[in-house]
file entry05.cif (mmCIF, C-alpha atoms and all ligand atoms)
data_start
#
loop_
_atom_site.label_atom_id
_atom_site.label_comp_id
_atom_site.auth_asym_id
_atom_site.auth_seq_id
_atom_site.Cartn_x
_atom_site.Cartn_y
_atom_site.Cartn_z
CA MET A 1 -22.93 -18.59 17.26
CA GLY A 2 -23.96 -21.23 14.77
CA THR A 3 -27.24 -21.24 16.78
CA ALA A 4 -30.53 -21.54 14.92
CA LEU A 5 -32.22 -18.16 15.39
CA GLY A 6 -35.99 -17.85 15.71
CA THR A 7 -36.09 -14.16 14.72
CA GLU A 8 -35.82 -13.02 11.12
CA PRO A 9 -32.74 -10.85 10.37
CA VAL A 10 -34.88 -7.86 9.32
CA LEU A 11 -36.40 -7.53 12.83
CA LEU A 12 -32.98 -8.02 14.47
CA ASP A 13 -31.62 -5.31 12.17
CA ALA A 14 -34.40 -2.84 13.11
CA LEU A 15 -33.95 -3.64 16.81
CA ALA A 16 -30.18 -3.10 16.76
CA GLU A 17 -30.54 0.07 14.66
CA SER A 18 -33.13 1.49 17.04
CA LEU A 19 -30.89 0.84 20.07
CA LEU A 20 -27.78 2.23 18.39
CA ARG A 21 -29.60 5.44 17.42
CA SER A 22 -30.94 6.06 20.94
CA PRO A 23 -28.85 8.48 22.98
CA ALA A 24 -30.13 6.94 26.26
CA ALA A 25 -31.32 3.55 27.55
CA VAL A 26 -34.63 2.51 25.96
CA PRO A 27 -37.34 0.97 28.18
CA LEU A 28 -38.63 -2.35 26.79
CA GLU A 29 -42.17 -1.00 26.55
CA ARG A 30 -40.99 1.85 24.32
CA LEU A 31 -38.93 -0.49 22.15
CA SER A 32 -41.92 -2.79 21.73
CA GLY A 33 -44.03 0.19 20.57
CA ARG A 34 -41.34 1.59 18.25
CA LEU A 35 -40.92 -1.73 16.48
CA ASP A 36 -44.57 -2.70 16.68
CA CYS A 37 -43.39 -5.96 18.22
CA PRO A 38 -45.19 -7.79 21.08
CA ARG A 39 -43.15 -8.12 24.31
CA GLU A 40 -42.73 -11.89 24.05
CA ARG A 41 -41.39 -11.65 20.50
CA LEU A 42 -39.14 -8.79 21.55
CA ALA A 43 -37.72 -10.89 24.38
CA SER A 44 -36.74 -13.72 22.04
CA ALA A 45 -35.33 -11.23 19.49
CA LEU A 46 -33.12 -9.80 22.25
CA ASP A 47 -31.95 -13.32 23.12
CA ASP A 48 -31.07 -13.87 19.47
CA LEU A 49 -29.18 -10.58 19.29
CA ARG A 50 -27.19 -11.59 22.39
CA ALA A 51 -26.49 -15.00 20.81
CA LEU A 52 -25.00 -13.15 17.82
CA GLY A 53 -22.60 -11.40 20.20
CA ALA A 54 -24.32 -7.99 20.47
CA PRO A 55 -23.12 -6.18 23.61
CA LEU A 56 -26.56 -5.44 25.12
CA VAL A 57 -26.73 -3.88 28.56
CA GLU A 58 -29.95 -3.96 30.58
CA THR A 59 -30.46 -1.62 33.54
CA ALA A 60 -33.49 -0.32 35.47
CA GLU A 61 -33.74 2.49 32.86
CA GLY A 62 -33.91 0.07 29.93
CA LEU A 63 -31.64 -1.31 27.23
CA THR A 64 -28.52 0.01 25.53
CA LEU A 65 -26.35 -1.44 22.79
CA GLU A 66 -22.83 -0.30 23.47
CA LEU A 67 -20.61 -0.47 20.44
CA ALA A 68 -17.25 1.32 20.55
CA ASP A 69 -16.81 1.39 16.77
CA PRO A 70 -20.24 1.30 15.04
CA LEU A 71 -20.42 1.16 11.24
CA ASP A 72 -21.55 4.46 9.74
CA ALA A 73 -22.74 4.77 6.13
CA GLU A 74 -21.94 8.53 5.95
CA ALA A 75 -18.35 8.05 7.14
CA ILE A 76 -17.77 5.30 4.56
CA ARG A 77 -19.52 7.25 1.77
CA ASP A 78 -17.40 10.35 2.47
CA ALA A 79 -14.22 8.36 1.89
CA LEU A 80 -15.35 6.77 -1.41
CA PRO A 81 -16.01 8.14 -4.91
CA LYS A 82 -19.41 9.90 -5.20
CA ASN A 83 -20.91 7.30 -7.56
CA TYR A 84 -20.48 4.41 -5.05
CA GLY A 85 -23.57 3.11 -3.27
CA VAL A 86 -23.04 2.31 0.43
CA LEU A 87 -25.32 0.04 2.47
CA VAL A 88 -24.85 -0.53 6.20
CA ARG A 89 -26.77 -3.30 7.92
CA ARG A 90 -26.69 -4.05 11.62
CA VAL A 91 -27.93 -7.61 10.99
CA CYS A 92 -28.50 -9.42 7.70
CA ALA A 93 -28.34 -12.98 6.43
CA SER A 94 -25.32 -12.22 4.21
CA THR A 95 -23.95 -8.98 2.76
CA ASN A 96 -23.69 -10.85 -0.56
CA GLU A 97 -27.47 -11.34 -0.62
CA GLU A 98 -28.12 -7.69 0.35
CA LEU A 99 -26.49 -6.57 -2.91
CA ARG A 100 -28.44 -8.80 -5.30
CA ALA A 101 -30.83 -5.96 -6.25
CA SER A 102 -28.21 -3.17 -6.22
CA THR A 103 -26.53 -1.31 -9.06
CA PRO A 104 -22.73 -1.55 -9.26
CA PRO A 105 -20.59 -0.11 -7.80
CA THR A 106 -22.12 -0.65 -4.35
CA VAL A 107 -20.56 -1.83 -1.11
CA CYS A 108 -22.46 -3.42 1.78
CA VAL A 109 -21.11 -3.93 5.30
CA ALA A 110 -22.82 -5.47 8.32
CA GLU A 111 -22.20 -5.65 12.06
CA VAL A 112 -23.15 -9.31 11.91
CA GLN A 113 -24.43 -11.89 9.42
CA THR A 114 -26.75 -14.73 10.39
CA ALA A 115 -25.89 -16.87 7.34
CA GLY A 116 -22.47 -15.64 6.18
CA ARG A 117 -20.87 -17.95 3.63
CA GLY A 118 -17.21 -18.73 3.07
CA ARG A 119 -15.30 -20.82 0.57
CA ARG A 120 -16.71 -24.24 -0.31
CA GLY A 121 -20.11 -23.23 1.14
CA ARG A 122 -18.75 -23.18 4.70
CA ASP A 123 -20.33 -20.97 7.39
CA TRP A 124 -18.57 -17.66 7.91
CA VAL A 125 -19.01 -16.54 11.51
CA GLN A 126 -17.97 -13.28 13.20
CA PRO A 127 -19.43 -11.86 16.43
CA PHE A 128 -21.55 -8.69 16.29
CA GLY A 129 -19.37 -5.60 15.73
CA ALA A 130 -16.10 -7.52 16.04
CA GLY A 131 -15.09 -7.75 12.40
CA LEU A 132 -15.68 -6.50 8.91
CA ALA A 133 -18.18 -8.37 6.73
CA LEU A 134 -18.00 -6.57 3.39
CA SER A 135 -19.35 -7.28 -0.07
CA PHE A 136 -18.62 -5.14 -3.11
CA LEU A 137 -20.64 -5.35 -6.30
CA ALA A 138 -18.86 -4.17 -9.45
CA PRO A 139 -18.98 -4.77 -13.20
CA ALA A 140 -17.03 -8.00 -13.79
CA PRO A 141 -13.54 -7.45 -15.22
CA ARG A 142 -12.94 -9.02 -18.62
CA GLY A 143 -10.94 -12.23 -18.62
CA ARG A 144 -11.04 -15.49 -16.69
CA LEU A 145 -12.51 -15.08 -13.24
CA ASP A 146 -11.21 -18.24 -11.54
CA PRO A 147 -7.94 -16.82 -10.12
CA LEU A 148 -9.56 -13.46 -9.29
CA ALA A 149 -10.08 -14.24 -5.58
CA LEU A 150 -6.29 -14.72 -5.26
CA ALA A 151 -5.65 -11.33 -6.91
CA LEU A 152 -8.20 -9.70 -4.59
CA ALA A 153 -6.59 -11.33 -1.54
CA ALA A 154 -3.20 -9.92 -2.65
CA GLY A 155 -4.75 -6.45 -3.20
CA VAL A 156 -6.42 -6.45 0.24
CA THR A 157 -3.16 -7.61 1.86
CA GLY A 158 -1.28 -4.72 0.21
CA ALA A 159 -3.85 -2.28 1.67
CA LEU A 160 -3.45 -3.84 5.14
CA HIS A 161 0.34 -3.42 4.87
CA ALA A 162 -0.19 0.27 4.02
CA LEU A 163 -2.44 0.57 7.09
CA GLY A 164 0.37 -0.65 9.36
CA TYR A 165 -0.03 -4.43 9.28
CA PRO A 166 3.10 -5.63 7.44
CA GLU A 167 2.92 -9.10 8.96
CA VAL A 168 -0.29 -10.01 7.12
CA LYS A 169 0.38 -12.76 4.59
CA LEU A 170 -1.63 -15.10 2.39
CA LYS A 171 -2.50 -18.76 2.61
CA TRP A 172 -3.48 -20.30 -0.69
CA PRO A 173 -6.00 -19.95 -2.12
CA ASN A 174 -7.80 -17.01 -0.50
CA ASP A 175 -7.01 -16.71 3.21
CA LEU A 176 -5.52 -13.64 4.88
CA TRP A 177 -3.04 -15.11 7.35
CA ALA A 178 -1.01 -13.83 10.34
CA ARG A 179 0.89 -15.50 13.18
CA GLY A 180 0.00 -18.95 11.86
CA ARG A 181 -3.77 -18.30 12.01
CA LYS A 182 -6.60 -17.14 9.80
CA LEU A 183 -7.24 -13.37 9.84
CA GLY A 184 -9.84 -13.31 7.08
CA GLY A 185 -10.80 -14.53 3.66
CA VAL A 186 -11.86 -13.30 0.24
CA LEU A 187 -14.44 -14.65 -2.23
CA ALA A 188 -15.12 -13.69 -5.85
CA ILE A 189 -18.46 -14.67 -7.36
CA GLY A 190 -19.28 -13.91 -11.00
CA GLU A 191 -22.94 -13.47 -11.94
CA GLY A 192 -25.18 -12.28 -14.77
CA ALA A 193 -24.75 -13.00 -18.47
CA ALA A 194 -25.76 -9.87 -20.42
CA ALA A 195 -23.98 -7.43 -18.07
CA PRO A 196 -21.65 -9.65 -16.03
CA ARG A 197 -21.21 -8.54 -12.43
CA LEU A 198 -18.66 -9.45 -9.83
CA LEU A 199 -19.46 -9.87 -6.16
CA ALA A 200 -16.33 -9.64 -4.03
CA GLY A 201 -16.79 -10.77 -0.41
CA LEU A 202 -14.32 -9.99 2.36
CA GLY A 203 -14.47 -11.25 5.94
CA LEU A 204 -11.83 -9.73 8.25
CA ASN A 205 -11.42 -10.18 12.00
CA VAL A 206 -10.83 -6.70 13.41
CA HIS A 207 -11.43 -6.25 17.16
CA ALA A 208 -11.73 -9.96 18.02
CA ALA A 209 -11.52 -13.30 16.28
CA PRO A 210 -14.41 -15.77 16.50
CA ARG A 211 -13.88 -18.70 18.88
CA LEU A 212 -14.48 -21.76 16.74
CA ALA A 213 -13.64 -25.33 17.71
CA GLY A 214 -10.66 -26.61 15.74
CA ARG A 215 -10.23 -23.40 13.71
CA GLU A 216 -7.85 -20.98 15.40
CA ALA A 217 -8.18 -17.41 14.21
CA VAL A 218 -6.49 -14.07 14.80
CA ALA A 219 -7.74 -10.45 14.64
CA LEU A 220 -6.05 -7.19 13.56
CA ALA A 221 -6.24 -6.09 17.23
CA ASP A 222 -3.87 -8.98 18.11
CA LEU A 223 -1.29 -7.44 15.75
CA ALA A 224 -1.67 -3.68 16.40
CA PRO A 225 -4.50 -1.35 17.52
CA PRO A 226 -6.97 -1.27 14.62
CA PRO A 227 -8.32 1.83 12.87
CA SER A 228 -12.10 2.31 12.79
CA ARG A 229 -14.02 -0.23 10.77
CA ASN A 230 -15.42 2.65 8.68
CA LEU A 231 -11.92 3.59 7.58
CA LEU A 232 -11.09 -0.07 6.96
CA ALA A 233 -14.27 -0.50 4.92
CA ALA A 234 -13.42 2.51 2.72
CA ARG A 235 -9.74 1.62 2.24
CA LEU A 236 -10.40 -2.04 1.52
CA THR A 237 -13.24 -1.24 -0.91
CA THR A 238 -10.83 1.11 -2.70
CA ALA A 239 -8.21 -1.66 -2.79
CA ILE A 240 -10.73 -4.14 -4.21
CA ALA A 241 -11.85 -1.66 -6.90
CA ALA A 242 -8.22 -0.90 -7.83
CA THR A 243 -7.44 -4.63 -8.04
CA LEU A 244 -10.40 -5.20 -10.38
CA GLN A 245 -9.19 -2.41 -12.68
CA ARG A 246 -5.65 -3.72 -12.70
CA TYR A 247 -6.84 -7.29 -13.29
CA GLU A 248 -8.77 -6.14 -16.35
CA ALA A 249 -5.76 -4.20 -17.69
CA GLU A 250 -2.93 -6.62 -16.83
CA GLY A 251 -4.54 -10.02 -16.23
CA PHE A 252 -3.48 -12.35 -13.43
CA THR A 253 0.28 -12.62 -14.19
CA PRO A 254 1.53 -9.74 -11.97
CA PHE A 255 -0.73 -10.90 -9.14
CA ALA A 256 0.75 -14.42 -9.33
CA ARG A 257 4.18 -12.95 -8.50
CA GLU A 258 2.73 -10.77 -5.74
CA PHE A 259 0.81 -13.68 -4.26
CA THR A 260 3.92 -15.88 -4.15
CA ALA A 261 5.91 -13.08 -2.44
CA LEU A 262 3.18 -12.83 0.23
CA ASP A 263 2.59 -16.58 0.55
CA ALA A 264 3.03 -17.63 4.21
CA PHE A 265 3.50 -21.27 3.15
CA ALA A 266 6.01 -20.87 0.29
CA GLY A 267 9.07 -22.98 1.14
CA CYS A 268 7.19 -24.85 3.88
CA GLU A 269 6.44 -28.54 4.22
CA VAL A 270 2.72 -28.98 3.73
CA THR A 271 -0.03 -31.55 3.43
CA LEU A 272 -2.46 -31.10 0.57
CA SER A 273 -5.80 -32.83 1.13
CA GLU A 274 -8.03 -33.74 -1.81
CA GLY A 275 -11.03 -35.68 -0.58
CA GLU A 276 -9.75 -38.90 1.00
CA ARG A 277 -6.25 -38.49 -0.46
CA SER A 278 -3.44 -36.43 0.99
CA LEU A 279 -0.06 -35.48 -0.44
CA ARG A 280 3.03 -34.23 1.34
CA GLY A 281 5.51 -31.85 -0.20
CA VAL A 282 7.08 -28.42 -0.14
CA ALA A 283 4.86 -25.51 -1.25
CA ARG A 284 6.46 -23.33 -3.96
CA GLY A 285 3.91 -20.54 -4.41
CA ILE A 286 1.49 -20.40 -7.34
CA ASP A 287 1.72 -20.55 -11.14
CA ALA A 288 0.42 -18.08 -13.73
CA ALA A 289 -3.07 -19.63 -13.51
CA GLY A 290 -3.27 -19.44 -9.69
CA ALA A 291 -2.63 -23.17 -9.13
CA LEU A 292 -0.56 -24.19 -6.10
CA ILE A 293 2.89 -25.58 -6.94
CA LEU A 294 4.04 -28.47 -4.78
CA ASP A 295 7.37 -30.32 -4.86
CA THR A 296 6.78 -33.93 -3.79
CA PRO A 297 9.12 -36.95 -3.68
CA GLN A 298 7.41 -37.98 -6.98
CA GLY A 299 8.17 -34.64 -8.62
CA ARG A 300 6.59 -31.22 -9.10
CA LEU A 301 2.82 -30.99 -9.41
CA SER A 302 0.21 -28.26 -9.35
CA ARG A 303 -3.32 -28.13 -7.98
CA ARG A 304 -6.16 -25.69 -8.62
CA ALA A 305 -8.35 -24.41 -5.79
CA GLY A 306 -11.64 -26.24 -5.42
CA GLU A 307 -11.95 -29.27 -3.25
CA VAL A 308 -8.34 -29.01 -2.10
CA SER A 309 -7.10 -27.74 1.27
CA LEU A 310 -3.67 -27.07 2.64
CA THR A 311 -2.11 -27.47 6.11
CA ARG A 312 1.40 -26.72 7.22
CA ILE A 313 3.35 -29.56 8.82
CA THR A 314 4.87 -28.61 12.17
CA HIS A 315 7.34 -30.92 13.84
CA GLU A 316 7.53 -31.95 17.48
CA GLY A 317 7.86 -29.09 19.96
CA GLY A 318 6.02 -26.79 17.54
CA ARG A 319 9.16 -26.10 15.47
CA ARG A 320 8.02 -25.00 12.05
CA SER A 321 9.48 -26.82 9.09
CA CYS A 322 9.55 -23.71 6.97
CA ALA A 323 13.13 -22.84 6.24
CA LYS A 324 12.37 -21.47 2.75
CA ILE A 325 14.15 -24.49 1.31
C1 LIG A 401 -13.39 -17.67 3.27
O1 LIG A 401 -13.99 -18.74 3.22
O2 LIG A 401 -12.29 -17.58 3.82
C2 LIG A 401 -13.99 -16.42 2.67
C3 LIG A 401 -14.91 -15.76 3.64
C4 LIG A 401 -15.65 -14.58 3.03
C5 LIG A 401 -16.76 -14.12 3.94
C6 LIG A 401 -17.37 -12.84 3.47
S1 LIG A 401 -18.06 -11.92 4.82
C7 LIG A 401 -18.82 -10.83 3.69
C8 LIG A 401 -19.36 -11.69 2.57
N1 LIG A 401 -20.66 -12.23 2.93
C9 LIG A 401 -20.65 -13.56 3.01
O3 LIG A 401 -21.63 -14.26 3.28
N2 LIG A 401 -19.43 -14.02 2.73
C10 LIG A 401 -18.49 -12.95 2.45
#

call {"tool": "encode", "arguments": {"input": "entry05.cif", "output": "structure tokens"}}
result
Amino acid sequence: MGTALGTEPVLLDALAESLLRSPAAVPLERLSGRLDCPRERLASALDDLRALGAPLVETAEGLTLELADPLDAEAIRDALPKNYGVLVRRVCASTNEELRASTPPTVCVAEVQTAGRGRRGRDWVQPFGAGLALSFLAPAPRGRLDPLALALAAGVTGALHALGYPEVKLKWPNDLWARGRKLGGVLAIGEGAAAPRLLAGLGLNVHAAPRLAGREAVALADLAPPPSRNLLAARLTTAIAATLQRYEAEGFTPFAREFTALDAFAGCEVTLSEGERSLRGVARGIDAAGALILDTPQGRLSRRAGEVSLTRITHEGGRRSCAKI
């Protein structure tokens, strides 16, 4: 992962789709013909698919792509209102980009993204078929959009509780958090002037968490056996749509209370990093504008999301200094 791929996502997508649709192993020669792709190019595309984590199996009969829980557009569509568009990609650069030409409301999910983006322009990486990469395009709710990602994170967390994951919490500003590690994250991107649209992006580790140096992560499967990703996609899209409606009707205020109640760091000693500077204090949840409240030896202060990041201070022996003081 994080490898530069030589094959364009559209060919990787067609290759994975062709393998997933085949009831039996596909000989390389047949695959090459089906995709109109020379053998040498096919070989490097298969290497790229493996590098993205696709579980390819090669036998004397040919190739199979064995996915226990493949994404299925029909299954997702059946569980959503009739007017919702549903796009399923096996491979794409980013589900956000796939929706640029769509009409709202439309949801797009992918088995894997080659250029997934997280907060602050960071890479967002999940192995093929292991998580949920979901973008939902909707008309933008009226009102200020800057704390919307926090409201969406609270809405998604509520849906995960209802699905049997009560230990999922939030880490300000937009992380889904469990057992001291990142489970997922939410983005909200406003676009368009005449008919403003909202692109909500959700990355959730489902069957396995990515192994990334210095960034420990957790997956739903570490907490309890997960439902199918199709069911998750439908339920979490519904939760996002309901949050957008509620945000338009009620604004951010009720979400600020909900966020603070779900905040894994509230009452904990934390370090807040802003560029070169760092501040220590006790996190106290968020205010009515979504800013983090921090009690420091110099007094209470608040910080908006942006170029700020938060870490919890743990003391020697791993004892957590989070006594809800
Ligand atoms: C974060 O930084 O924690 C938020 C991650 C959001 C990632 C999701 S995955 C689906 C959608 N497509 C992207 O490229 N990003 C979002």

call {"tool": "residues_near_point", "arguments": {"input": "entry05.cif", "point": "(-0.1, -29.6, 2.4)", "cutoff": "8 Å", "atoms": "all atoms listed in the file", "output": "VMD selection string"}}
result
chain A and resid 269 to 273 278 to 283 309 to 313

call {"tool": "closest_residue", "arguments": {"input": "entry05.cif", "among": "A:Pro127, A:Pro227, A:Gly201, A:Pro173", "to": "Ile293 in chain A", "atoms": "all atoms listed in the file"}}
result
A:Pro173

call {"tool": "closest_atom_pairs", "arguments": {"input": "entry05.cif", "of": "chain A", "to": "ligand LIG 401 (chain A)", "cutoff": "8 Å", "atoms": "all atoms listed in the file", "output": "Markdown table"}}
result
| residue | atom | partner | partner_atom | distance |
| --- | --- | --- | --- | --- |
| A:Ala93 | CA | A:LIG401 | O3 | 7.5 |
| A:Ser94 | CA | A:LIG401 | O3 | 4.3 |
| A:Thr95 | CA | A:LIG401 | N1 | 4.6 |
| A:Asn96 | CA | A:LIG401 | N1 | 4.8 |
| A:Glu97 | CA | A:LIG401 | O3 | 7.6 |
| A:Val109 | CA | A:LIG401 | C7 | 7.4 |
| A:Gln113 | CA | A:LIG401 | O3 | 7.2 |
| A:Ala115 | CA | A:LIG401 | O3 | 6.4 |
| A:Gly116 | CA | A:LIG401 | O3 | 3.3 |
| A:Arg117 | CA | A:LIG401 | O3 | 3.8 |
| A:Gly118 | CA | A:LIG401 | O1 | 3.2 |
| A:Arg119 | CA | A:LIG401 | O1 | 3.6 |
| A:Arg120 | CA | A:LIG401 | O1 | 7.1 |
| A:Gly121 | CA | A:LIG401 | O1 | 7.9 |
| A:Arg122 | CA | A:LIG401 | O1 | 6.7 |
| A:Asp123 | CA | A:LIG401 | O1 | 7.9 |
| A:Trp124 | CA | A:LIG401 | C5 | 5.6 |
| A:Leu132 | CA | A:LIG401 | S1 | 7.2 |
| A:Ala133 | CA | A:LIG401 | C7 | 4.0 |
| A:Leu134 | CA | A:LIG401 | C7 | 4.3 |
| A:Ser135 | CA | A:LIG401 | C8 | 5.1 |
| A:Asn174 | CA | A:LIG401 | O2 | 6.3 |
| A:Asp175 | CA | A:LIG401 | O2 | 5.4 |
| A:Leu176 | CA | A:LIG401 | O2 | 7.9 |
| A:Gly184 | CA | A:LIG401 | O2 | 5.9 |
| A:Gly185 | CA | A:LIG401 | O2 | 3.4 |
| A:Val186 | CA | A:LIG401 | C2 | 4.5 |
| A:Leu187 | CA | A:LIG401 | C2 | 5.2 |
| A:Ala200 | CA | A:LIG401 | C8 | 7.5 |
| A:Gly201 | CA | A:LIG401 | C10 | 4.0 |
| A:Leu202 | CA | A:LIG401 | C6 | 4.3 |
| A:Gly203 | CA | A:LIG401 | S1 | 3.8 |
| A:Leu204 | CA | A:LIG401 | S1 | 7.4 |

call {"tool": "write_last_selection", "arguments": {"input": "entry05.cif", "atoms": "C-alpha atoms", "output": "PDB file, in the frame of the given file"}}
result
ATOM      1  CA  ALA A  93     -28.340 -12.980   6.430  1.00  0.00           C
ATOM      2  CA  SER A  94     -25.320 -12.220   4.210  1.00  0.00           C
ATOM      3  CA  THR A  95     -23.950  -8.980   2.760  1.00  0.00           C
ATOM      4  CA  ASN A  96     -23.690 -10.850  -0.560  1.00  0.00           C
ATOM      5  CA  GLU A  97     -27.470 -11.340  -0.620  1.00  0.00           C
ATOM      6  CA  VAL A 109     -21.110  -3.930   5.300  1.00  0.00           C
ATOM      7  CA  GLN A 113     -24.430 -11.890   9.420  1.00  0.00           C
ATOM      8  CA  ALA A 115     -25.890 -16.870   7.340  1.00  0.00           C
ATOM      9  CA  GLY A 116     -22.470 -15.640   6.180  1.00  0.00           C
ATOM     10  CA  ARG A 117     -20.870 -17.950   3.630  1.00  0.00           C
ATOM     11  CA  GLY A 118     -17.210 -18.730   3.070  1.00  0.00           C
ATOM     12  CA  ARG A 119     -15.300 -20.820   0.570  1.00  0.00           C
ATOM     13  CA  ARG A 120     -16.710 -24.240  -0.310  1.00  0.00           C
ATOM     14  CA  GLY A 121     -20.110 -23.230   1.140  1.00  0.00           C
ATOM     15  CA  ARG A 122     -18.750 -23.180   4.700  1.00  0.00           C
ATOM     16  CA  ASP A 123     -20.330 -20.970   7.390  1.00  0.00           C
ATOM     17  CA  TRP A 124     -18.570 -17.660   7.910  1.00  0.00           C
ATOM     18  CA  LEU A 132     -15.680  -6.500   8.910  1.00  0.00           C
ATOM     19  CA  ALA A 133     -18.180  -8.370   6.730  1.00  0.00           C
ATOM     20  CA  LEU A 134     -18.000  -6.570   3.390  1.00  0.00           C
ATOM     21  CA  SER A 135     -19.350  -7.280  -0.070  1.00  0.00           C
ATOM     22  CA  ASN A 174      -7.800 -17.010  -0.500  1.00  0.00           C
ATOM     23  CA  ASP A 175      -7.010 -16.710   3.210  1.00  0.00           C
ATOM     24  CA  LEU A 176      -5.520 -13.640   4.880  1.00  0.00           C
ATOM     25  CA  GLY A 184      -9.840 -13.310   7.080  1.00  0.00           C
ATOM     26  CA  GLY A 185     -10.800 -14.530   3.660  1.00  0.00           C
ATOM     27  CA  VAL A 186     -11.860 -13.300   0.240  1.00  0.00           C
ATOM     28  CA  LEU A 187     -14.440 -14.650  -2.230  1.00  0.00           C
ATOM     29  CA  ALA A 200     -16.330  -9.640  -4.030  1.00  0.00           C
ATOM     30  CA  GLY A 201     -16.790 -10.770  -0.410  1.00  0.00           C
ATOM     31  CA  LEU A 202     -14.320  -9.990   2.360  1.00  0.00           C
ATOM     32  CA  GLY A 203     -14.470 -11.250   5.940  1.00  0.00           C
ATOM     33  CA  LEU A 204     -11.830  -9.730   8.250  1.00  0.00           C
TER      34      LEU A 204
END

call {"tool": "residues_around", "arguments": {"input": "entry05.cif", "residues": "Ala261 in chain A", "least_positions_apart": "5", "cutoff": "12 Å", "atoms": "all atoms listed in the file", "output": "MDAnalysis selection string"}}
result
chainID A and resid 154 157:158 168:172 254:256 266:267 284:286 324

call {"tool": "residues_around", "arguments": {"input": "entry05.cif", "residues": "range 215-223 of chain A", "least_positions_apart": "2", "cutoff": "12 Å", "atoms": "only C-alpha atoms", "output": "number ranges by chain"}}
result
A: 124-127, 130-132, 160-161, 163-168, 175-185, 203-213, 225-229, 232, 311

call {"tool": "atom_distance", "arguments": {"input": "entry05.cif", "atom1": "CA of Gly129 in chain A", "atom2": "CA of Glu8 in chain A"}}
result
18.6 Å

call {"tool": "atom_distance", "arguments": {"input": "entry05.cif", "atom1": "CA of Leu20 in chain A", "atom2": "CA of Leu65 in chain A"}}
result
5.9 Å

call {"tool": "atom_distance", "arguments": {"input": "entry05.cif", "atom1": "CA of Leu19 in chain A", "atom2": "CA of Ser102 in chain A"}}
result
26.7 Å

call {"tool": "closest_residue", "arguments": {"input": "entry05.cif", "among": "A:Ala4, A:Ala140, A:Leu71, A:Cys268", "to": "Tyr247 in chain A", "atoms": "all atoms listed in the file"}}
result
A:Ala140

call {"tool": "decode", "arguments": {"input": "entry05.cif", "residues": "range 250-254 of chain A", "atoms": "all heavy atoms", "output": "mmCIF file, in the first residue's frame"}}
result
data_model
loop_
_atom_site.group_PDB
_atom_site.id
_atom_site.type_symbol
_atom_site.label_atom_id
_atom_site.label_comp_id
_atom_site.auth_asym_id
_atom_site.auth_seq_id
_atom_site.Cartn_x
_atom_site.Cartn_y
_atom_site.Cartn_z
ATOM 1 N N GLU A 250 -32.285 21.627 12.786
ATOM 2 C CA GLU A 250 -31.957 21.987 14.176
ATOM 3 C C GLU A 250 -30.607 22.671 14.347
ATOM 4 O O GLU A 250 -30.274 23.097 15.453
ATOM 5 C CB GLU A 250 -31.979 20.716 15.058
ATOM 6 C CG GLU A 250 -33.332 20.016 15.055
ATOM 7 C CD GLU A 250 -33.276 18.684 15.805
ATOM 8 O OE1 GLU A 250 -32.586 18.590 16.828
ATOM 9 O OE2 GLU A 250 -33.924 17.733 15.338
ATOM 10 N N GLY A 251 -29.796 22.715 13.276
ATOM 11 C CA GLY A 251 -28.464 23.302 13.406
ATOM 12 C C GLY A 251 -27.525 22.371 14.158
ATOM 13 O O GLY A 251 -27.844 21.201 14.396
ATOM 14 N N PHE A 252 -26.381 22.916 14.567
ATOM 15 C CA PHE A 252 -25.344 22.064 15.165
ATOM 16 C C PHE A 252 -25.542 21.829 16.662
ATOM 17 O O PHE A 252 -25.033 20.852 17.214
ATOM 18 C CB PHE A 252 -23.955 22.684 14.896
ATOM 19 C CG PHE A 252 -22.828 21.834 15.414
ATOM 20 C CD1 PHE A 252 -22.578 20.572 14.882
ATOM 21 C CD2 PHE A 252 -22.032 22.280 16.461
ATOM 22 C CE1 PHE A 252 -21.565 19.769 15.371
ATOM 23 C CE2 PHE A 252 -21.004 21.483 16.954
ATOM 24 C CZ PHE A 252 -20.766 20.226 16.402
ATOM 25 N N THR A 253 -26.306 22.706 17.340
ATOM 26 C CA THR A 253 -26.367 22.669 18.819
ATOM 27 C C THR A 253 -26.642 21.272 19.404
ATOM 28 O O THR A 253 -25.890 20.829 20.275
ATOM 29 C CB THR A 253 -27.397 23.694 19.332
ATOM 30 O OG1 THR A 253 -27.139 24.899 18.642
ATOM 31 C CG2 THR A 253 -27.293 23.911 20.821
ATOM 32 N N PRO A 254 -27.690 20.539 18.955
ATOM 33 C CA PRO A 254 -27.899 19.217 19.576
ATOM 34 C C PRO A 254 -26.746 18.252 19.314
ATOM 35 O O PRO A 254 -26.442 17.395 20.147
ATOM 36 C CB PRO A 254 -29.189 18.707 18.921
ATOM 37 C CG PRO A 254 -29.390 19.526 17.706
ATOM 38 C CD PRO A 254 -28.731 20.838 17.938
#
